[in-house]
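Undergrad: Just model-v6.csv, nothing more (CSV, C-alpha atoms and all ligand atoms):
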chain,number,residue,atom,x,y,z
A,254,MET,CA,1.3,-4.1,15.7
A,255,ARG,CA,1.8,-4.7,12.0
A,256,GLN,CA,0.7,-1.2,11.4
A,257,GLN,CA,3.3,0.2,13.8
A,258,LEU,CA,6.1,-1.8,12.3
A,259,PHE,CA,5.1,-0.5,8.9
A,260,LYS,CA,5.3,3.1,10.2
A,261,SER,CA,8.7,2.7,11.8
A,262,GLU,CA,10.0,1.1,8.6
A,263,LYS,CA,8.8,4.1,6.6
A,264,LEU,CA,10.4,6.4,9.1
A,265,ALA,CA,13.7,4.5,8.8
A,266,ALA,CA,13.5,4.9,5.0
A,267,VAL,CA,12.9,8.6,5.3
A,268,GLU,CA,15.8,9.0,7.7
A,269,GLN,CA,18.1,6.9,5.5
A,270,MET,CA,17.1,9.0,2.5
A,271,GLY,CA,17.8,12.2,4.5
A,272,ALA,CA,21.2,10.9,5.4
A,273,ALA,CA,22.1,10.1,1.8
A,274,ILE,CA,20.9,13.4,0.5
A,275,SER,CA,22.6,15.5,3.1
A,276,HIS,CA,25.8,13.7,2.3
A,277,GLU,CA,25.3,14.4,-1.4
A,278,ILE,CA,24.8,18.1,-0.7
A,279,ARG,CA,27.3,18.5,2.1
A,280,ASN,CA,30.2,17.2,0.0
A,281,PRO,CA,30.1,19.9,-2.7
A,282,LEU,CA,29.4,22.6,-0.1
A,283,THR,CA,32.4,21.6,1.9
A,284,VAL,CA,34.6,21.8,-1.2
A,285,SER,CA,33.2,25.2,-2.0
A,286,LYS,CA,33.7,26.4,1.6
A,287,GLY,CA,37.3,25.3,1.5
A,288,PHE,CA,38.0,27.5,-1.6
A,289,VAL,CA,36.2,30.4,0.0
A,290,GLN,CA,38.6,30.1,3.0
A,291,LEU,CA,41.6,30.0,0.6
A,292,LEU,CA,40.3,33.2,-1.0
A,293,GLU,CA,39.9,34.9,2.4
A,294,GLU,CA,43.3,33.9,3.7
A,295,GLU,CA,45.8,34.5,1.0
A,296,SER,CA,46.6,37.2,-1.4
A,297,ILE,CA,46.3,35.1,-4.5
A,298,HIS,CA,47.2,35.5,-8.1
A,299,PRO,CA,44.2,36.6,-10.1
A,300,ASP,CA,44.4,33.4,-12.2
A,301,LYS,CA,44.2,31.3,-9.1
A,302,GLN,CA,41.3,33.5,-7.8
A,303,LYS,CA,39.4,32.8,-11.0
A,304,GLU,CA,40.1,29.1,-10.7
A,305,TYR,CA,38.9,29.0,-7.1
A,306,LEU,CA,35.8,30.9,-8.0
A,307,SER,CA,34.9,28.6,-10.7
A,308,LEU,CA,35.4,25.6,-8.4
A,309,ILE,CA,33.1,27.3,-5.9
A,310,ARG,CA,30.5,27.8,-8.5
A,311,GLU,CA,30.8,24.1,-9.6
A,312,GLY,CA,30.2,23.0,-6.0
A,313,LEU,CA,27.2,25.2,-5.5
A,314,ASP,CA,25.7,24.1,-8.9
A,315,SER,CA,26.2,20.5,-8.0
A,316,ALA,CA,24.4,20.9,-4.6
A,317,GLU,CA,21.6,22.7,-6.4
A,318,GLN,CA,21.3,19.8,-8.9
A,319,VAL,CA,21.0,17.2,-6.1
A,320,ILE,CA,18.2,19.3,-4.6
A,321,GLN,CA,16.4,19.5,-8.0
A,322,ASP,CA,16.7,15.7,-8.8
A,323,TYR,CA,15.8,14.6,-5.2
A,324,LEU,CA,14.0,17.2,-3.3
A,325,THR,CA,12.1,19.7,-5.5
A,326,PHE,CA,8.7,18.8,-4.0
A,327,SER,CA,9.7,17.0,-0.9
A,328,LYS,CA,8.3,17.9,2.5
A,329,PRO,CA,9.2,15.9,5.6
A,330,THR,CA,6.0,13.9,5.6
A,331,ILE,CA,5.1,10.3,5.2
A,332,ASP,CA,3.7,9.3,1.8
A,333,SER,CA,0.1,10.0,1.2
A,334,MET,CA,-2.0,8.2,-1.4
A,335,GLU,CA,-4.1,10.5,-3.5
A,336,GLU,CA,-6.1,10.4,-6.7
A,337,LEU,CA,-4.0,12.5,-9.1
A,338,ASN,CA,-5.2,14.2,-12.2
A,339,VAL,CA,-2.4,13.4,-14.6
A,340,GLU,CA,-3.0,16.4,-16.9
A,341,GLN,CA,-3.0,18.9,-14.0
A,342,GLU,CA,0.1,17.5,-12.4
A,343,LEU,CA,2.0,17.5,-15.8
A,344,ASN,CA,1.0,21.1,-16.5
A,345,GLN,CA,2.5,22.1,-13.1
A,346,ILE,CA,5.8,20.4,-14.1
A,347,ILE,CA,5.8,22.0,-17.5
A,348,THR,CA,5.4,25.4,-15.9
A,349,ILE,CA,8.4,24.8,-13.7
A,350,LEU,CA,10.5,23.6,-16.6
A,351,ILE,CA,9.7,26.3,-19.1
A,352,PRO,CA,12.8,28.4,-18.2
A,353,THR,CA,15.0,25.3,-18.7
A,354,ALA,CA,13.3,24.5,-22.0
A,355,ASN,CA,13.8,28.1,-23.2
A,356,GLN,CA,17.5,27.9,-22.3
A,357,HIS,CA,17.8,24.8,-24.5
A,358,SER,CA,15.5,26.2,-27.3
A,359,VAL,CA,13.1,23.3,-26.7
A,360,LEU,CA,9.5,23.4,-27.5
A,361,ILE,CA,7.2,21.5,-25.2
A,362,SER,CA,3.9,20.2,-26.5
A,363,GLY,CA,1.2,18.2,-24.7
A,364,GLN,CA,-1.7,16.1,-25.6
A,365,PHE,CA,-3.7,15.0,-22.7
A,366,SER,CA,-6.6,12.8,-21.9
A,367,PRO,CA,-8.3,15.1,-19.3
A,368,SER,CA,-9.9,12.3,-17.3
A,369,ALA,CA,-6.8,10.2,-16.6
A,370,TYR,CA,-6.2,9.7,-12.9
A,371,VAL,CA,-3.5,7.7,-11.1
A,372,SER,CA,-3.1,6.9,-7.5
A,373,GLY,CA,0.0,7.9,-5.6
A,374,ASP,CA,1.9,10.5,-3.5
A,375,ARG,CA,1.6,13.9,-5.3
A,376,GLN,CA,5.1,15.1,-4.4
A,377,LYS,CA,6.7,11.9,-5.5
A,378,PHE,CA,4.8,11.7,-8.7
A,379,ARG,CA,5.8,15.3,-9.6
A,380,GLN,CA,9.4,14.6,-8.8
A,381,CYS,CA,9.3,11.5,-11.0
A,382,MET,CA,7.8,13.4,-14.0
A,383,LEU,CA,10.1,16.3,-13.5
A,384,ASN,CA,13.2,14.1,-13.6
A,385,VAL,CA,12.1,12.3,-16.8
A,386,ILE,CA,11.1,15.5,-18.6
A,387,LYS,CA,14.2,17.4,-17.5
A,388,ASN,CA,16.4,14.7,-18.9
A,389,GLY,CA,14.5,14.9,-22.2
A,390,ILE,CA,15.1,18.7,-22.3
A,391,GLU,CA,18.8,18.3,-21.4
A,392,SER,CA,19.2,15.7,-24.2
A,393,MET,CA,18.6,18.5,-26.7
A,394,PRO,CA,21.5,21.1,-26.2
A,395,HIS,CA,20.8,22.5,-29.7
A,396,GLY,CA,17.0,22.6,-29.4
A,397,GLY,CA,14.3,20.3,-30.4
A,398,LYS,CA,10.8,19.1,-29.4
A,399,LEU,CA,9.6,17.5,-26.3
A,400,SER,CA,6.2,15.9,-26.7
A,401,ILE,CA,4.1,14.6,-23.8
A,402,SER,CA,1.0,12.6,-24.3
A,403,VAL,CA,-1.4,11.0,-21.9
A,404,ASN,CA,-3.8,8.3,-22.9
A,405,GLN,CA,-6.2,6.1,-21.0
A,406,ASP,CA,-7.6,2.7,-22.0
A,407,ASN,CA,-7.9,-0.8,-20.7
A,408,ASN,CA,-7.6,0.4,-17.2
A,409,LEU,CA,-4.1,1.7,-17.9
A,410,VAL,CA,-2.9,5.3,-18.0
A,411,THR,CA,-0.1,5.7,-20.5
A,412,ILE,CA,2.2,8.7,-20.3
A,413,GLU,CA,4.7,9.1,-23.2
A,414,ILE,CA,7.5,11.5,-22.9
A,415,LYS,CA,9.4,11.8,-26.2
A,416,ASP,CA,12.4,14.0,-27.2
A,417,THR,CA,14.3,14.6,-30.3
A,418,GLY,CA,17.6,14.6,-28.5
A,419,ILE,CA,21.0,12.7,-28.6
A,420,GLY,CA,19.5,9.3,-27.8
A,421,MET,CA,21.1,6.4,-25.9
A,422,THR,CA,22.8,3.1,-26.7
A,423,LYS,CA,21.5,-0.2,-25.4
A,424,GLU,CA,24.3,-0.2,-22.9
A,425,GLN,CA,23.2,3.3,-21.6
A,426,ILE,CA,19.6,2.3,-21.4
A,427,ASN,CA,20.5,-0.7,-19.3
A,428,ARG,CA,22.4,1.5,-16.8
A,429,LEU,CA,19.5,3.9,-16.3
A,430,GLY,CA,18.5,4.0,-12.6
A,431,GLU,CA,21.9,3.0,-11.4
A,432,PRO,CA,22.8,5.5,-8.6
A,433,TYR,CA,25.3,8.1,-9.8
A,434,TYR,CA,25.2,6.9,-13.4
A,435,SER,CA,25.5,10.1,-15.5
A,436,THR,CA,27.0,11.1,-18.8
A,437,LYS,CA,26.8,14.8,-18.0
A,438,GLY,CA,30.0,15.2,-16.0
A,439,ALA,CA,29.8,17.9,-13.3
A,440,LYS,CA,26.4,18.9,-14.6
A,441,GLY,CA,24.8,15.6,-13.6
A,442,THR,CA,23.9,13.8,-10.4
A,443,GLY,CA,23.0,10.4,-11.7
A,444,LEU,CA,20.1,10.4,-9.2
A,445,GLY,CA,17.2,11.5,-11.3
A,446,MET,CA,16.4,8.2,-12.9
A,447,MET,CA,16.9,6.3,-9.7
A,448,VAL,CA,14.3,8.5,-8.0
A,449,ALA,CA,12.0,8.3,-11.0
A,450,PHE,CA,12.1,4.4,-11.2
A,451,SER,CA,11.6,4.0,-7.5
A,452,VAL,CA,8.5,6.2,-7.7
A,453,ILE,CA,7.1,4.3,-10.7
A,454,ARG,CA,7.7,1.0,-8.9
A,455,ALA,CA,6.0,2.3,-5.7
A,456,MET,CA,2.9,3.3,-7.8
A,457,ASN,CA,2.8,-0.2,-9.4
A,458,GLY,CA,3.8,1.3,-12.8
A,459,THR,CA,6.0,0.1,-15.6
A,460,VAL,CA,8.4,1.9,-17.8
A,461,GLN,CA,9.5,1.2,-21.4
A,462,ILE,CA,12.3,3.0,-23.1
A,463,THR,CA,13.0,3.2,-26.8
A,464,SER,CA,15.9,5.2,-28.1
A,465,GLU,CA,18.0,5.9,-31.2
A,466,LEU,CA,21.3,7.7,-31.2
A,467,LYS,CA,21.0,11.2,-32.6
A,468,LYS,CA,17.3,10.7,-33.2
A,469,GLY,CA,15.7,10.8,-29.7
A,470,THR,CA,14.2,8.9,-26.9
A,471,ALA,CA,10.7,7.9,-25.7
A,472,PHE,CA,9.8,6.9,-22.2
A,473,THR,CA,6.5,5.1,-22.0
A,474,ILE,CA,5.3,5.0,-18.4
A,475,GLN,CA,2.1,3.1,-17.5
A,476,PHE,CA,0.1,3.1,-14.3
A,477,PRO,CA,-3.0,1.3,-13.3
A,478,CYS,CA,-5.9,3.7,-13.8
A,479,THR,CA,-7.7,4.2,-10.5
A,480,TYR,CA,-10.6,6.5,-11.3
A,481,SER,CA,-12.1,8.3,-14.2
A,482,GLY,CA,-14.5,11.1,-13.8
B,1,LIG,P1,21.7,13.0,-14.7
B,1,LIG,O1,20.5,13.7,-15.5
B,1,LIG,O2,22.0,13.8,-13.5
B,1,LIG,O3,22.9,12.7,-15.6
B,1,LIG,P2,19.8,10.9,-14.4
B,1,LIG,O4,19.7,9.7,-13.5
B,1,LIG,O5,18.7,11.8,-14.5
B,1,LIG,O6,21.1,11.7,-14.1
B,1,LIG,O7,20.1,10.3,-15.9
B,1,LIG,C1,21.2,9.4,-16.0
B,1,LIG,C2,21.7,9.3,-17.5
B,1,LIG,O8,20.7,8.8,-18.3
B,1,LIG,C3,22.0,10.7,-18.1
B,1,LIG,O9,23.2,11.2,-17.7
B,1,LIG,C4,21.9,10.4,-19.6
B,1,LIG,O10,23.1,9.8,-20.0
B,1,LIG,C5,20.8,9.3,-19.6
B,1,LIG,N1,19.5,9.8,-20.1
B,1,LIG,C6,18.4,9.9,-19.3
B,1,LIG,N2,17.4,10.4,-20.0
B,1,LIG,C7,17.8,10.6,-21.3
B,1,LIG,C8,17.2,11.1,-22.5
B,1,LIG,N3,15.9,11.5,-22.5
B,1,LIG,N4,18.0,11.2,-23.6
B,1,LIG,C9,19.3,10.8,-23.5
B,1,LIG,N5,19.9,10.3,-22.4
B,1,LIG,C10,19.2,10.2,-21.3
B,2,MG,MG,18.6,13.9,-14.8
What's the structure tokens form of this structure?

TA:
Amino acid sequence: MRQQLFKSEKLAAVEQMGAAISHEIRNPLTVSKGFVQLLEEESIHPDKQKEYLSLIREGLDSAEQVIQDYLTFSKPTIDSMEELNVEQELNQIITILIPTANQHSVLISGQFSPSAYVSGDRQKFRQCMLNVIKNGIESMPHGGKLSISVNQDNNLVTIEIKDTGIGMTKEQINRLGEPYYSTKGAKGTGLGMMVAFSVIRAMNGTVQITSELKKGTAFTIQFPCTYSG
């Protein structure tokens, strides 16, 4: 009975999340579609045409960003708990983000303890790490270094993700994780940190942030270490 209740609660959460996401994606798509219709119907001045096209692109970009912050690894399954090799998972994420890093002239370096394992849902863990690392890269529009380190001691796995980017004020740090909080204008969703924090919480982890304006930011994320082999 308890078990069943638990399952239906999880399904409800999945459905709710699905509704929220489809709303986030549908809005910009509807806007884009509207401008496509305008382009089809009228003979429009080339200036207007350009403007509509750029609005269409903005809508498509923003739908794409929601998918990247929310759904990159998601499959419609209930969470599964697995032992995750942190180094392997992070290497996957780094591979995915290399094109973005290159675009920003960002060099990624990693220093991993190869036997660090954490327990959690693989897709969620990847989404969480992707969102944090991607923010680090995006904080360095003129290039820089992103260093990732993994250490294990005292039954804790510590993942540090450090950038040499624009940094944040105390006020900004306090707002992290608030849904739709973004300083990136049309280029941001403000969903990445919310997703990352909720995954960290679900995995019994903690996160600490230190940041200095124009110097950079470090995210220190700790999880209970479940296994070492
Ligand atoms: P988005 O990236 O779409 O703006 P997020 O939820 O991922 O949304 O991040 C929210 C905000 O937190 C960002 O807009 C940015 O202002 C700030 N932020 C997050 N990570 C960093 C970082 N490494 N360096 C500087 N600012 C950051
Ligand atoms: Mg982000």

Undergrad: By how many Å are CA of Ala455 (chain A) and CA of Thr436 (chain A) apart?

TA: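 Separating CA of Ala455 (chain A) from CA of Thr436 (chain A) is a distance of 26.3 Å.
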
Undergrad: Can you measure CA of Gly396 (chain A) to atom O9 of ligand LIG 1 (chain B) for me? One decimal in Å is fine.

TA: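 Taking CA of Gly396 (chain A) as the start and atom O9 of ligand LIG 1 (chain B) as the end point, the length is 17.5 Å.
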
Undergrad: At a cut-off of 7 Å and counting all atoms listed in the file, what residues surround ligand LIG 1 (chain B)? Please answer as a list in words.

TA: Asn384, Val385, Asn388, Gly389, Ser392, Asp416, Gly418, Ile419, Gly420, Met421, Gln425, Leu429, Gly430, Tyr433, Tyr434, Ser435, Thr436, Lys437, Lys440, Gly441, Thr442, Gly443, Leu444, Gly445, Met446, Met447, Gly469 and Thr470 of chain A

Undergrad: Using all atoms listed in the file, find the one residue out of A:Thr417, A:Asn457, A:Thr479, A:Gln405 that sits nearest to Glu335 (chain A).

TA: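 Closest to Glu335 (chain A) of all the choices is A:Thr479.
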
Undergrad: Name the residues, using the chain letters and numbers of the file, that sit within 12 Å of (9.0, 17.6, -13.3) when counting only C-alpha atoms, and give them as a PDB file with C-alpha atoms, in the frame of the given file.

TA:
ATOM      1  CA  GLN A 321      16.400  19.500  -8.000  1.00  0.00           C
ATOM      2  CA  ASP A 322      16.700  15.700  -8.800  1.00  0.00           C
ATOM      3  CA  TYR A 323      15.800  14.600  -5.200  1.00  0.00           C
ATOM      4  CA  LEU A 324      14.000  17.200  -3.300  1.00  0.00           C
ATOM      5  CA  THR A 325      12.100  19.700  -5.500  1.00  0.00           C
ATOM      6  CA  PHE A 326       8.700  18.800  -4.000  1.00  0.00           C
ATOM      7  CA  GLU A 342       0.100  17.500 -12.400  1.00  0.00           C
ATOM      8  CA  LEU A 343       2.000  17.500 -15.800  1.00  0.00           C
ATOM      9  CA  ASN A 344       1.000  21.100 -16.500  1.00  0.00           C
ATOM     10  CA  GLN A 345       2.500  22.100 -13.100  1.00  0.00           C
ATOM     11  CA  ILE A 346       5.800  20.400 -14.100  1.00  0.00           C
ATOM     12  CA  ILE A 347       5.800  22.000 -17.500  1.00  0.00           C
ATOM     13  CA  THR A 348       5.400  25.400 -15.900  1.00  0.00           C
ATOM     14  CA  ILE A 349       8.400  24.800 -13.700  1.00  0.00           C
ATOM     15  CA  LEU A 350      10.500  23.600 -16.600  1.00  0.00           C
ATOM     16  CA  ILE A 351       9.700  26.300 -19.100  1.00  0.00           C
ATOM     17  CA  THR A 353      15.000  25.300 -18.700  1.00  0.00           C
ATOM     18  CA  ALA A 354      13.300  24.500 -22.000  1.00  0.00           C
ATOM     19  CA  ARG A 375       1.600  13.900  -5.300  1.00  0.00           C
ATOM     20  CA  GLN A 376       5.100  15.100  -4.400  1.00  0.00           C
ATOM     21  CA  LYS A 377       6.700  11.900  -5.500  1.00  0.00           C
ATOM     22  CA  PHE A 378       4.800  11.700  -8.700  1.00  0.00           C
ATOM     23  CA  ARG A 379       5.800  15.300  -9.600  1.00  0.00           C
ATOM     24  CA  GLN A 380       9.400  14.600  -8.800  1.00  0.00           C
ATOM     25  CA  CYS A 381       9.300  11.500 -11.000  1.00  0.00           C
ATOM     26  CA  MET A 382       7.800  13.400 -14.000  1.00  0.00           C
ATOM     27  CA  LEU A 383      10.100  16.300 -13.500  1.00  0.00           C
ATOM     28  CA  ASN A 384      13.200  14.100 -13.600  1.00  0.00           C
ATOM     29  CA  VAL A 385      12.100  12.300 -16.800  1.00  0.00           C
ATOM     30  CA  ILE A 386      11.100  15.500 -18.600  1.00  0.00           C
ATOM     31  CA  LYS A 387      14.200  17.400 -17.500  1.00  0.00           C
ATOM     32  CA  ASN A 388      16.400  14.700 -18.900  1.00  0.00           C
ATOM     33  CA  GLY A 389      14.500  14.900 -22.200  1.00  0.00           C
ATOM     34  CA  ILE A 390      15.100  18.700 -22.300  1.00  0.00           C
ATOM     35  CA  ILE A 401       4.100  14.600 -23.800  1.00  0.00           C
ATOM     36  CA  ILE A 414       7.500  11.500 -22.900  1.00  0.00           C
ATOM     37  CA  GLY A 445      17.200  11.500 -11.300  1.00  0.00           C
ATOM     38  CA  MET A 446      16.400   8.200 -12.900  1.00  0.00           C
ATOM     39  CA  VAL A 448      14.300   8.500  -8.000  1.00  0.00           C
ATOM     40  CA  ALA A 449      12.000   8.300 -11.000  1.00  0.00           C
TER      41      ALA A 449
END

Undergrad: May I ask for the distance between CA of Phe472 (chain A) and CA of Ser451 (chain A), given in Å to one decimal place?

TA: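 These atoms are spaced 15.1 Å apart.
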
Undergrad: Please provide as a PyMOL selection string all residues within 9 Å of His395 (chain A), with the sequence filter that same-chain residues fewer than 6 positions apart are discarded (counting all atoms listed in the file).

TA: chain A and resi 357-359+418

Undergrad: With C-alpha atoms retained, write the just-selected residues as a short mmCIF file (atom, residue, chain, number, x, y, z; two decimals), in the coordinates of the input.

TA:
data_model
loop_
_atom_site.label_atom_id
_atom_site.label_comp_id
_atom_site.auth_asym_id
_atom_site.auth_seq_id
_atom_site.Cartn_x
_atom_site.Cartn_y
_atom_site.Cartn_z
CA HIS A 357 17.80 24.80 -24.50
CA SER A 358 15.50 26.20 -27.30
CA VAL A 359 13.10 23.30 -26.70
CA GLY A 418 17.60 14.60 -28.50
#

Undergrad: May I ask which of the residues A:Glu340, A:Glu311, A:Glu294, A:Glu465 is the closest one to Phe365 (chain A), counting only C-alpha atoms?

TA: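 Closest candidate: A:Glu340.
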
Undergrad: Taking all atoms listed in the file into account, which of A:Gly438, A:Gly271, A:Pro477, A:Pro367 comes nearest ligand MG 2 (chain B)?

TA: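 The closest residue to ligand MG 2 (chain B) is A:Gly438.
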
Undergrad: Around the point (6.3, 0.6, -24.1), in the coordinates given by the file, pick out the residues reaching within 9 Å, counting all atoms listed in the file, and return them as a PyMOL selection string.

TA: chain A and resi 411+413+459-463+471-475

Undergrad: With C-alpha atoms kept, could you save the residues just selected as a PDB file, in the frame of the given file?

TA:
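Output file out-v1.pdb is given in full below:
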ATOM      1  CA  THR A 411      -0.100   5.700 -20.500  1.00  0.00           C
ATOM      2  CA  GLU A 413       4.700   9.100 -23.200  1.00  0.00           C
ATOM      3  CA  THR A 459       6.000   0.100 -15.600  1.00  0.00           C
ATOM      4  CA  VAL A 460       8.400   1.900 -17.800  1.00  0.00           C
ATOM      5  CA  GLN A 461       9.500   1.200 -21.400  1.00  0.00           C
ATOM      6  CA  ILE A 462      12.300   3.000 -23.100  1.00  0.00           C
ATOM      7  CA  THR A 463      13.000   3.200 -26.800  1.00  0.00           C
ATOM      8  CA  ALA A 471      10.700   7.900 -25.700  1.00  0.00           C
ATOM      9  CA  PHE A 472       9.800   6.900 -22.200  1.00  0.00           C
ATOM     10  CA  THR A 473       6.500   5.100 -22.000  1.00  0.00           C
ATOM     11  CA  ILE A 474       5.300   5.000 -18.400  1.00  0.00           C
ATOM     12  CA  GLN A 475       2.100   3.100 -17.500  1.00  0.00           C
TER      13      GLN A 475
END

Undergrad: Taking into account only C-alpha atoms and all ligand atoms, which residue in the set A:Leu409, A:Val289, A:Val403, A:Ile320 is nearest to ligand MG 2 (chain B)?

TA: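 Among the listed residues, the smallest separation from ligand MG 2 (chain B) belongs to A:Ile320.
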
Undergrad: Counting only C-alpha atoms and all ligand atoms, figure out which residue out of A:Asn280, A:Asn338, A:Gln318, A:Ser275 gets nearest to ligand MG 2 (chain B).

TA: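 Of A:Asn280, A:Asn338, A:Gln318, A:Ser275, the one nearest ligand MG 2 (chain B), counting only C-alpha atoms and all ligand atoms, is A:Gln318.
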
Undergrad: List as an MDAnalysis selection string the protein and nucleic acid residues near Phe288 (chain A), meaning an atom at most 7 Å away when only C-alpha atoms are counted, but skip any in the same chain fewer than 4 places from it.

TA: chainID A and resid 284 292 305 309

Undergrad: So, counting only C-alpha atoms and all ligand atoms, which residue among A:Gly312, A:Pro299, A:Pro352, A:Pro432 is closest to ligand MG 2 (chain B)?

TA: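 Comparing A:Gly312, A:Pro299, A:Pro352, A:Pro432 against ligand MG 2 (chain B), the winner is A:Pro432.
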
Undergrad: If we count only C-alpha atoms and set the cut-off at 12 Å, which residues sit around Arg310 (chain A), ignoring sequence neighbours fewer than 3 positions away in its own chain? Please answer as a list in words.

TA: Pro281, Leu282, Val284, Ser285, Lys286, Phe288, Val289, Lys303, Glu304, Tyr305, Leu306, Ser307, Leu313, Asp314, Ser315, Ala316, Glu317, Ala439 and Lys440 of chain A
